[in-house]
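Novice: Hey, dropping structure-v6.cif in here, mmCIF, C-alpha atoms:
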data_entry
loop_
_atom_site.label_atom_id
_atom_site.label_comp_id
_atom_site.auth_asym_id
_atom_site.auth_seq_id
_atom_site.Cartn_x
_atom_site.Cartn_y
_atom_site.Cartn_z
CA ALA A 1 3.63 -11.08 -12.50
CA GLN A 2 3.13 -7.34 -12.54
CA THR A 3 5.95 -4.86 -12.03
CA VAL A 4 5.66 -1.15 -11.40
CA THR A 5 8.45 1.35 -12.02
CA GLN A 6 8.73 4.88 -10.69
CA SER A 7 11.84 6.52 -12.05
CA GLN A 8 11.74 9.72 -9.99
CA PRO A 9 12.92 9.11 -6.42
CA GLU A 10 12.44 12.76 -5.43
CA MET A 11 10.65 15.76 -6.85
CA SER A 12 10.04 19.30 -5.75
CA VAL A 13 7.38 21.80 -6.79
CA GLN A 14 6.39 25.25 -5.67
CA GLU A 15 3.03 25.88 -4.14
CA ALA A 16 0.27 26.50 -6.71
CA GLU A 17 2.34 24.99 -9.51
CA THR A 18 1.69 21.75 -11.38
CA VAL A 19 3.79 18.62 -11.11
CA THR A 20 3.68 15.26 -12.89
CA LEU A 21 4.85 12.02 -11.36
CA SER A 22 5.78 9.19 -13.71
CA CYS A 23 4.90 5.54 -13.50
CA THR A 24 5.27 2.66 -15.91
CA TYR A 25 4.10 -0.87 -15.40
CA ASP A 26 4.36 -4.25 -17.00
CA THR A 27 1.62 -6.83 -17.10
CA SER A 28 0.49 -9.65 -19.32
CA GLU A 29 -3.12 -9.38 -18.21
CA SER A 30 -5.86 -7.84 -20.27
CA ASN A 31 -7.72 -6.32 -17.36
CA TYR A 32 -6.17 -4.75 -14.31
CA TYR A 33 -6.36 -1.76 -12.02
CA LEU A 34 -3.91 1.05 -11.39
CA PHE A 35 -3.67 3.29 -8.37
CA TRP A 36 -1.80 6.20 -6.92
CA TYR A 37 -1.45 6.19 -3.15
CA LYS A 38 -0.13 8.99 -0.98
CA GLN A 39 1.83 8.32 2.21
CA PRO A 40 2.29 11.48 4.29
CA PRO A 41 4.65 11.63 7.27
CA SER A 42 1.99 9.92 9.39
CA ARG A 43 2.59 6.89 7.12
CA GLN A 44 -1.11 6.29 6.66
CA MET A 45 -1.69 5.09 3.08
CA ILE A 46 -4.30 7.23 1.35
CA LEU A 47 -5.83 6.50 -2.03
CA VAL A 48 -5.36 9.42 -4.41
CA ILE A 49 -6.86 8.08 -7.59
CA ARG A 50 -7.61 4.82 -9.37
CA GLN A 51 -7.99 3.74 -12.98
CA GLU A 52 -9.59 0.65 -14.44
CA ALA A 53 -7.58 -0.50 -17.44
CA TYR A 54 -10.68 -1.15 -19.53
CA LYS A 55 -11.72 2.48 -19.24
CA GLN A 56 -10.19 4.74 -21.86
CA GLN A 57 -11.11 7.96 -20.08
CA ASN A 58 -8.46 9.27 -17.74
CA ALA A 59 -9.53 9.38 -14.10
CA THR A 60 -9.69 12.73 -12.30
CA GLU A 61 -10.21 13.61 -8.66
CA ASN A 62 -10.30 17.34 -8.06
CA ARG A 63 -6.69 18.56 -8.44
CA PHE A 64 -5.42 15.09 -9.27
CA SER A 65 -5.59 13.53 -12.71
CA VAL A 66 -3.86 10.75 -14.53
CA ASN A 67 -2.54 10.31 -18.03
CA PHE A 68 -3.19 6.65 -18.76
CA GLN A 69 -1.47 5.39 -21.88
CA LYS A 70 -2.39 1.71 -22.08
CA ALA A 71 -0.32 0.84 -25.13
CA ALA A 72 2.76 2.43 -23.60
CA LYS A 73 1.90 1.00 -20.16
CA SER A 74 2.27 4.41 -18.64
CA PHE A 75 0.23 5.87 -15.78
CA SER A 76 1.41 9.32 -14.71
CA LEU A 77 -0.14 11.47 -11.99
CA LYS A 78 -0.63 15.19 -12.43
CA ILE A 79 -1.14 17.37 -9.39
CA SER A 80 -2.47 20.81 -10.19
CA ASP A 81 -2.36 23.83 -7.88
CA SER A 82 0.03 22.02 -5.54
CA GLN A 83 -0.53 22.58 -1.85
CA LEU A 84 1.82 22.23 1.09
CA GLY A 85 -0.30 19.32 2.30
CA ASP A 86 0.56 17.42 -0.85
CA THR A 87 4.05 16.86 0.51
CA ALA A 88 4.28 13.09 0.85
CA MET A 89 5.57 9.90 -0.65
CA TYR A 90 3.55 8.84 -3.69
CA PHE A 91 3.30 5.22 -4.71
CA CYS A 92 2.04 3.92 -7.99
CA ALA A 93 0.46 0.47 -7.71
CA SER A 94 -1.16 -2.15 -9.87
CA ARG A 95 -3.57 -4.95 -9.17
CA SER A 96 -4.64 -7.76 -11.44
CA ASN A 97 -8.27 -8.62 -11.96
CA SER A 98 -7.69 -12.08 -10.53
CA GLY A 99 -5.78 -11.12 -7.42
CA TYR A 100 -6.22 -8.56 -4.71
CA ALA A 101 -2.69 -7.80 -3.52
CA LEU A 102 -1.10 -4.62 -4.80
CA ASN A 103 2.26 -4.35 -6.53
CA PHE A 104 3.92 -1.09 -5.58
CA GLY A 105 6.55 1.01 -7.27
CA LYS A 106 9.48 2.31 -5.24
CA GLY A 107 7.78 5.62 -4.68
CA THR A 108 8.42 9.28 -5.39
CA SER A 109 9.04 11.68 -2.56
CA LEU A 110 7.29 14.95 -3.37
CA LEU A 111 8.14 18.17 -1.59
CA VAL A 112 5.89 21.19 -2.04
CA THR A 113 7.67 24.42 -1.14
CA PRO A 114 6.16 27.81 -0.30
CA GLY B 1 -13.46 7.34 8.91
CA ALA B 2 -11.04 4.46 9.08
CA VAL B 3 -12.27 1.15 7.73
CA VAL B 4 -9.21 -0.79 8.80
CA SER B 5 -7.89 -0.47 12.34
CA GLN B 6 -4.41 -1.67 13.20
CA HIS B 7 -3.08 -1.98 16.72
CA PRO B 8 -0.68 -1.15 18.22
CA SER B 9 0.62 1.83 16.29
CA TRP B 10 4.05 1.31 17.75
CA VAL B 11 5.74 -1.26 19.96
CA ILE B 12 9.18 -1.77 21.42
CA CYS B 13 10.17 -5.27 22.45
CA LYS B 14 13.24 -7.11 23.59
CA SER B 15 15.12 -9.54 21.39
CA GLY B 16 13.75 -13.04 21.69
CA THR B 17 10.24 -12.05 22.62
CA SER B 18 7.12 -12.25 20.45
CA VAL B 19 4.88 -9.41 19.37
CA LYS B 20 1.32 -9.61 18.08
CA ILE B 21 -0.14 -7.01 15.73
CA GLU B 22 -3.89 -6.87 15.15
CA CYS B 23 -5.70 -5.76 12.02
CA ARG B 24 -9.44 -5.28 12.10
CA SER B 25 -11.79 -4.69 9.22
CA LEU B 26 -14.39 -2.34 10.70
CA ASP B 27 -17.02 -2.17 7.97
CA PHE B 28 -16.61 -5.27 5.87
CA GLN B 29 -16.28 -8.98 6.39
CA ALA B 30 -12.91 -9.61 4.85
CA THR B 31 -12.11 -13.15 3.82
CA THR B 32 -8.73 -11.95 2.63
CA MET B 33 -6.37 -9.47 4.18
CA PHE B 34 -2.78 -8.58 3.41
CA TRP B 35 0.34 -7.87 5.41
CA TYR B 36 3.07 -5.61 4.10
CA ARG B 37 6.45 -4.60 5.43
CA GLN B 38 8.04 -1.25 4.78
CA PHE B 39 11.63 -0.33 5.53
CA PRO B 40 12.56 3.36 5.92
CA LYS B 41 12.33 5.30 2.68
CA GLN B 42 11.35 2.16 0.78
CA SER B 43 8.24 0.76 -0.76
CA LEU B 44 5.70 -1.65 0.67
CA MET B 45 6.61 -5.29 0.20
CA LEU B 46 3.89 -7.90 0.41
CA MET B 47 4.69 -10.44 3.10
CA ALA B 48 1.64 -12.67 3.08
CA THR B 49 -2.00 -13.03 2.25
CA SER B 50 -4.19 -13.84 5.20
CA ASN B 51 -7.13 -16.15 4.44
CA GLU B 52 -10.04 -16.50 6.83
CA GLY B 53 -10.34 -20.05 8.08
CA SER B 54 -7.30 -21.38 6.27
CA LYS B 55 -3.55 -21.04 6.13
CA ALA B 56 -1.91 -17.84 5.06
CA THR B 57 -0.05 -17.65 1.79
CA TYR B 58 3.48 -16.34 2.23
CA GLU B 59 5.59 -14.57 -0.35
CA GLN B 60 8.91 -16.04 -1.35
CA GLY B 61 11.58 -15.35 1.21
CA VAL B 62 9.20 -14.69 4.12
CA GLU B 63 9.68 -17.11 6.99
CA LYS B 64 6.29 -18.49 7.91
CA ASP B 65 7.52 -19.74 11.27
CA LYS B 66 8.74 -16.29 12.21
CA PHE B 67 5.75 -14.35 10.97
CA LEU B 68 2.69 -16.22 12.16
CA ILE B 69 -0.60 -15.11 10.67
CA ASN B 70 -3.99 -16.00 12.04
CA HIS B 71 -7.29 -15.03 10.42
CA ALA B 72 -9.79 -16.63 12.73
CA SER B 73 -12.70 -14.34 11.97
CA LEU B 74 -13.95 -12.27 9.06
CA THR B 75 -12.95 -9.06 10.78
CA LEU B 76 -9.63 -9.84 12.43
CA SER B 77 -6.24 -10.89 11.17
CA THR B 78 -3.19 -11.01 13.42
CA LEU B 79 0.52 -11.05 12.66
CA THR B 80 2.81 -12.41 15.35
CA VAL B 81 6.51 -11.79 15.03
CA THR B 82 8.08 -14.65 16.95
CA SER B 83 11.49 -14.57 18.59
CA ALA B 84 12.00 -11.05 17.35
CA HIS B 85 15.46 -9.78 16.46
CA PRO B 86 16.65 -6.25 15.70
CA GLU B 87 16.55 -6.98 11.95
CA ASP B 88 12.77 -7.49 12.31
CA SER B 89 12.44 -3.83 13.23
CA SER B 90 10.29 -2.28 10.55
CA PHE B 91 6.92 -0.74 9.73
CA TYR B 92 4.19 -3.31 9.24
CA ILE B 93 0.96 -2.44 7.45
CA CYS B 94 -2.18 -4.47 6.89
CA SER B 95 -4.84 -3.94 4.28
CA ARG B 96 -8.05 -5.32 2.99
CA THR B 97 -10.00 -5.06 -0.21
CA GLY B 98 -13.25 -6.48 -1.41
CA GLY B 99 -16.83 -5.61 -1.96
CA MET B 100 -17.66 -3.36 -4.85
CA ASN B 101 -14.47 -1.38 -4.47
CA THR B 102 -11.24 -2.39 -6.07
CA GLU B 103 -8.84 -0.29 -4.09
CA ALA B 104 -7.14 -1.42 -0.90
CA PHE B 105 -7.82 0.12 2.47
CA PHE B 106 -4.88 0.26 4.83
CA GLY B 107 -4.44 0.18 8.56
CA GLN B 108 -2.46 2.90 10.27
CA GLY B 109 0.62 0.70 10.41
CA THR B 110 2.72 -0.57 13.30
CA ARG B 111 6.26 0.57 13.94
CA LEU B 112 8.12 -2.33 15.52
CA THR B 113 11.43 -1.71 17.24
CA VAL B 114 13.33 -4.68 18.60
CA VAL B 115 16.06 -3.83 21.10
#
Using structure tokens, write down the structure that the file contains.
Specialist:
Amino acid sequence: AQTVTQSQPEMSVQEAETVTLSCTYDTSESNYYLFWYKQPPSRQMILVIRQEAYKQQNATENRFSVNFQKAAKSFSLKISDSQLGDTAMYFCASRSNSGYALNFGKGTSLLVTP
Amino acid sequence: GAVVSQHPSWVICKSGTSVKIECRSLDFQATTMFWYRQFPKQSLMLMATSNEGSKATYEQGVEKDKFLINHASLTLSTLTVTSAHPEDSSFYICSRTGGMNTEAFFGQGTRLTVV
């Protein structure tokens, strides 16, 4: 079974600043996938970024990047140049290579202030 | 645009009645879809895996007789909450994955309120 832990229930950052959200996971599988999803007030789940465990290079998507430390089982999300629209709940999730359901962390509520 | 359409987006029903929620895969024939439940300010909890043409697989603790899942076609999965009670009030979200992509695509969610 895979477990995902997000230790920061709430975070706040000023507009244009950088913030890092933490995530650790536990898995016994050799290949798996990791994701960050954003859930704004509309509650629509939106993919922010994904990382295949077999890839050593950290994924980046515009202002969003991850720090993937496979040995430490850590998968943090860095948001650069934070924008008011980044205010949302952020969920870290894992998926095994053999299954398709996602295992979610408890989430981090991010507030971007002017 | 959306690749998974969930309907209705919200519903209010009386205790004891049944409510059906639909989840459609718009661009992909999904043999497997997923149903999650989310309580306020909490994470998504997997309820069941919906399998086209066969029985759904329920997670431990989820009552299969209360949460009926039907996946009769490759584009439609339905969740029926039977004999609903106020404690069934929650946000229900469906998703699908597959194809070349590994991420999940989610429906808009359904807010169920049982009064």
Novice: Quick one: which chain A residues come within 7 Å of chain B, and what is the nearest atom pair for each with the distance in Å to one decimal, counting all atoms listed in the file, rows ordered by chain and ascending number, as a Markdown table?
Specialist:
| residue | atom | partner | partner_atom | distance |
| --- | --- | --- | --- | --- |
| A:Gln44 | CA | B:Gln108 | CA | 5.1 |
| A:Met45 | CA | B:Phe106 | CA | 6.0 |
| A:Tyr100 | CA | B:Thr97 | CA | 6.8 |
| A:Ala101 | CA | B:Phe34 | CA | 7.0 |
| A:Phe104 | CA | B:Leu44 | CA | 6.5 |
| A:Gly105 | CA | B:Ser43 | CA | 6.7 |
| A:Lys106 | CA | B:Ser43 | CA | 4.9 |
| A:Gly107 | CA | B:Ser43 | CA | 6.3 |
Novice: For the provided coordinates, the residues matched by the PyMOL selection byres ((chain B and resi 53) around 8) should be stated as a PyMOL selection string.
Specialist: chain B and resi 51-52+54-55+71-73
Novice: Could you dump the residues just selected with C-alpha atoms as a PDB file, in the coordinates of the input?
Specialist:
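Once everything was written out, this is part_6.pdb:
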ATOM      1  CA  ASN B  51      -7.130 -16.150   4.440  1.00  0.00           C
ATOM      2  CA  GLU B  52     -10.040 -16.500   6.830  1.00  0.00           C
ATOM      3  CA  SER B  54      -7.300 -21.380   6.270  1.00  0.00           C
ATOM      4  CA  LYS B  55      -3.550 -21.040   6.130  1.00  0.00           C
ATOM      5  CA  HIS B  71      -7.290 -15.030  10.420  1.00  0.00           C
ATOM      6  CA  ALA B  72      -9.790 -16.630  12.730  1.00  0.00           C
ATOM      7  CA  SER B  73     -12.700 -14.340  11.970  1.00  0.00           C
TER       8      SER B  73
END
Novice: Could you expand the PyMOL selection byres ((chain A and resi 22) around 12) into the explicit residues it covers here, written as a PDB file with C-alpha atoms, keeping the file's coordinate frame?
Specialist:
ATOM      1  CA  VAL A   4       5.660  -1.150 -11.400  1.00  0.00           C
ATOM      2  CA  THR A   5       8.450   1.350 -12.020  1.00  0.00           C
ATOM      3  CA  GLN A   6       8.730   4.880 -10.690  1.00  0.00           C
ATOM      4  CA  SER A   7      11.840   6.520 -12.050  1.00  0.00           C
ATOM      5  CA  GLN A   8      11.740   9.720  -9.990  1.00  0.00           C
ATOM      6  CA  PRO A   9      12.920   9.110  -6.420  1.00  0.00           C
ATOM      7  CA  GLU A  10      12.440  12.760  -5.430  1.00  0.00           C
ATOM      8  CA  MET A  11      10.650  15.760  -6.850  1.00  0.00           C
ATOM      9  CA  VAL A  19       3.790  18.620 -11.110  1.00  0.00           C
ATOM     10  CA  THR A  20       3.680  15.260 -12.890  1.00  0.00           C
ATOM     11  CA  LEU A  21       4.850  12.020 -11.360  1.00  0.00           C
ATOM     12  CA  CYS A  23       4.900   5.540 -13.500  1.00  0.00           C
ATOM     13  CA  THR A  24       5.270   2.660 -15.910  1.00  0.00           C
ATOM     14  CA  TYR A  25       4.100  -0.870 -15.400  1.00  0.00           C
ATOM     15  CA  TRP A  36      -1.800   6.200  -6.920  1.00  0.00           C
ATOM     16  CA  VAL A  66      -3.860  10.750 -14.530  1.00  0.00           C
ATOM     17  CA  ASN A  67      -2.540  10.310 -18.030  1.00  0.00           C
ATOM     18  CA  PHE A  68      -3.190   6.650 -18.760  1.00  0.00           C
ATOM     19  CA  GLN A  69      -1.470   5.390 -21.880  1.00  0.00           C
ATOM     20  CA  LYS A  73       1.900   1.000 -20.160  1.00  0.00           C
ATOM     21  CA  SER A  74       2.270   4.410 -18.640  1.00  0.00           C
ATOM     22  CA  PHE A  75       0.230   5.870 -15.780  1.00  0.00           C
ATOM     23  CA  SER A  76       1.410   9.320 -14.710  1.00  0.00           C
ATOM     24  CA  LEU A  77      -0.140  11.470 -11.990  1.00  0.00           C
ATOM     25  CA  LYS A  78      -0.630  15.190 -12.430  1.00  0.00           C
ATOM     26  CA  ILE A  79      -1.140  17.370  -9.390  1.00  0.00           C
ATOM     27  CA  TYR A  90       3.550   8.840  -3.690  1.00  0.00           C
ATOM     28  CA  PHE A  91       3.300   5.220  -4.710  1.00  0.00           C
ATOM     29  CA  CYS A  92       2.040   3.920  -7.990  1.00  0.00           C
ATOM     30  CA  ALA A  93       0.460   0.470  -7.710  1.00  0.00           C
ATOM     31  CA  GLY A 105       6.550   1.010  -7.270  1.00  0.00           C
ATOM     32  CA  LYS A 106       9.480   2.310  -5.240  1.00  0.00           C
ATOM     33  CA  GLY A 107       7.780   5.620  -4.680  1.00  0.00           C
ATOM     34  CA  THR A 108       8.420   9.280  -5.390  1.00  0.00           C
ATOM     35  CA  SER A 109       9.040  11.680  -2.560  1.00  0.00           C
ATOM     36  CA  LEU A 110       7.290  14.950  -3.370  1.00  0.00           C
TER      37      LEU A 110
END
Novice: If we count all atoms listed in the file, what is near B:Thr80 at a cut-off of 10 Å, once residues fewer than 5 positions away on the same chain are taken out, given as a tab-separated table (two decimals) with C-alpha atoms, in the frame of the given file?
Specialist:
chain	number	residue	atom	x	y	z
B	18	SER	CA	7.12	-12.25	20.45
B	19	VAL	CA	4.88	-9.41	19.37
B	20	LYS	CA	1.32	-9.61	18.08
B	21	ILE	CA	-0.14	-7.01	15.73
B	22	GLU	CA	-3.89	-6.87	15.15
B	65	ASP	CA	7.52	-19.74	11.27
B	66	LYS	CA	8.74	-16.29	12.21
B	67	PHE	CA	5.75	-14.35	10.97
B	68	LEU	CA	2.69	-16.22	12.16
B	69	ILE	CA	-0.60	-15.11	10.67
B	70	ASN	CA	-3.99	-16.00	12.04
Novice: Once 5 Å is added on each side, what centre and edge lengths in Å to one decimal does the axis-aligned box around all listed atoms of stretch 21-33 of chain B have, as JSON?
Specialist:
{"center_x": -8.6, "center_y": -7.7, "center_z": 9.2, "size_x": 26.9, "size_y": 21.0, "size_z": 23.1}
Novice: Let me make sure I understand: among B:Cys94, B:Leu74, B:Val115, B:Ala56, which one has the smallest atom-to-atom distance to B:Ser9 if we use only C-alpha atoms?
Specialist: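 Under the stated criterion, the closest residue is B:Cys94.
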Novice: Using atom CA of A:Val112 and atom CA of A:Thr60 as the two end points, give the distance in Å to one decimal.
Specialist: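 Result for atom CA of A:Val112 versus atom CA of A:Thr60: 20.5 Å, one decimal.
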Novice: Kindly give the distance, in Å, that separates atom CA of A:Leu34 and atom CA of A:Arg63, rounded to a single decimal.
Specialist: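 Going from atom CA of A:Leu34 over to atom CA of A:Arg63, I get 18.0 Å.
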Novice: Env of stretch 24-29 of chain B: 8 Å cut, atoms = all atoms listed in the file, seq-sep filter 5 positions within chain, self excluded. Answer as a compact mmCIF listing (two decimals) with C-alpha atoms, in the frame of the given file.
Specialist:
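Full text of around.txt as output:
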# COMPACT_ATOMS: atom_id res chain seq x y z
CA ALA B 2 -11.04 4.46 9.08
CA VAL B 3 -12.27 1.15 7.73
CA VAL B 4 -9.21 -0.79 8.80
CA SER B 5 -7.89 -0.47 12.34
CA GLN B 6 -4.41 -1.67 13.20
CA LEU B 74 -13.95 -12.27 9.06
CA THR B 75 -12.95 -9.06 10.78
CA LEU B 76 -9.63 -9.84 12.43
CA SER B 77 -6.24 -10.89 11.17
CA ARG B 96 -8.05 -5.32 2.99
CA GLY B 99 -16.83 -5.61 -1.96
Novice: Just the number, please: distance in Å from atom CA of B:Ala30 to atom CA of B:Thr57, one decimal.
Specialist: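 So the answer is 15.5 Å.
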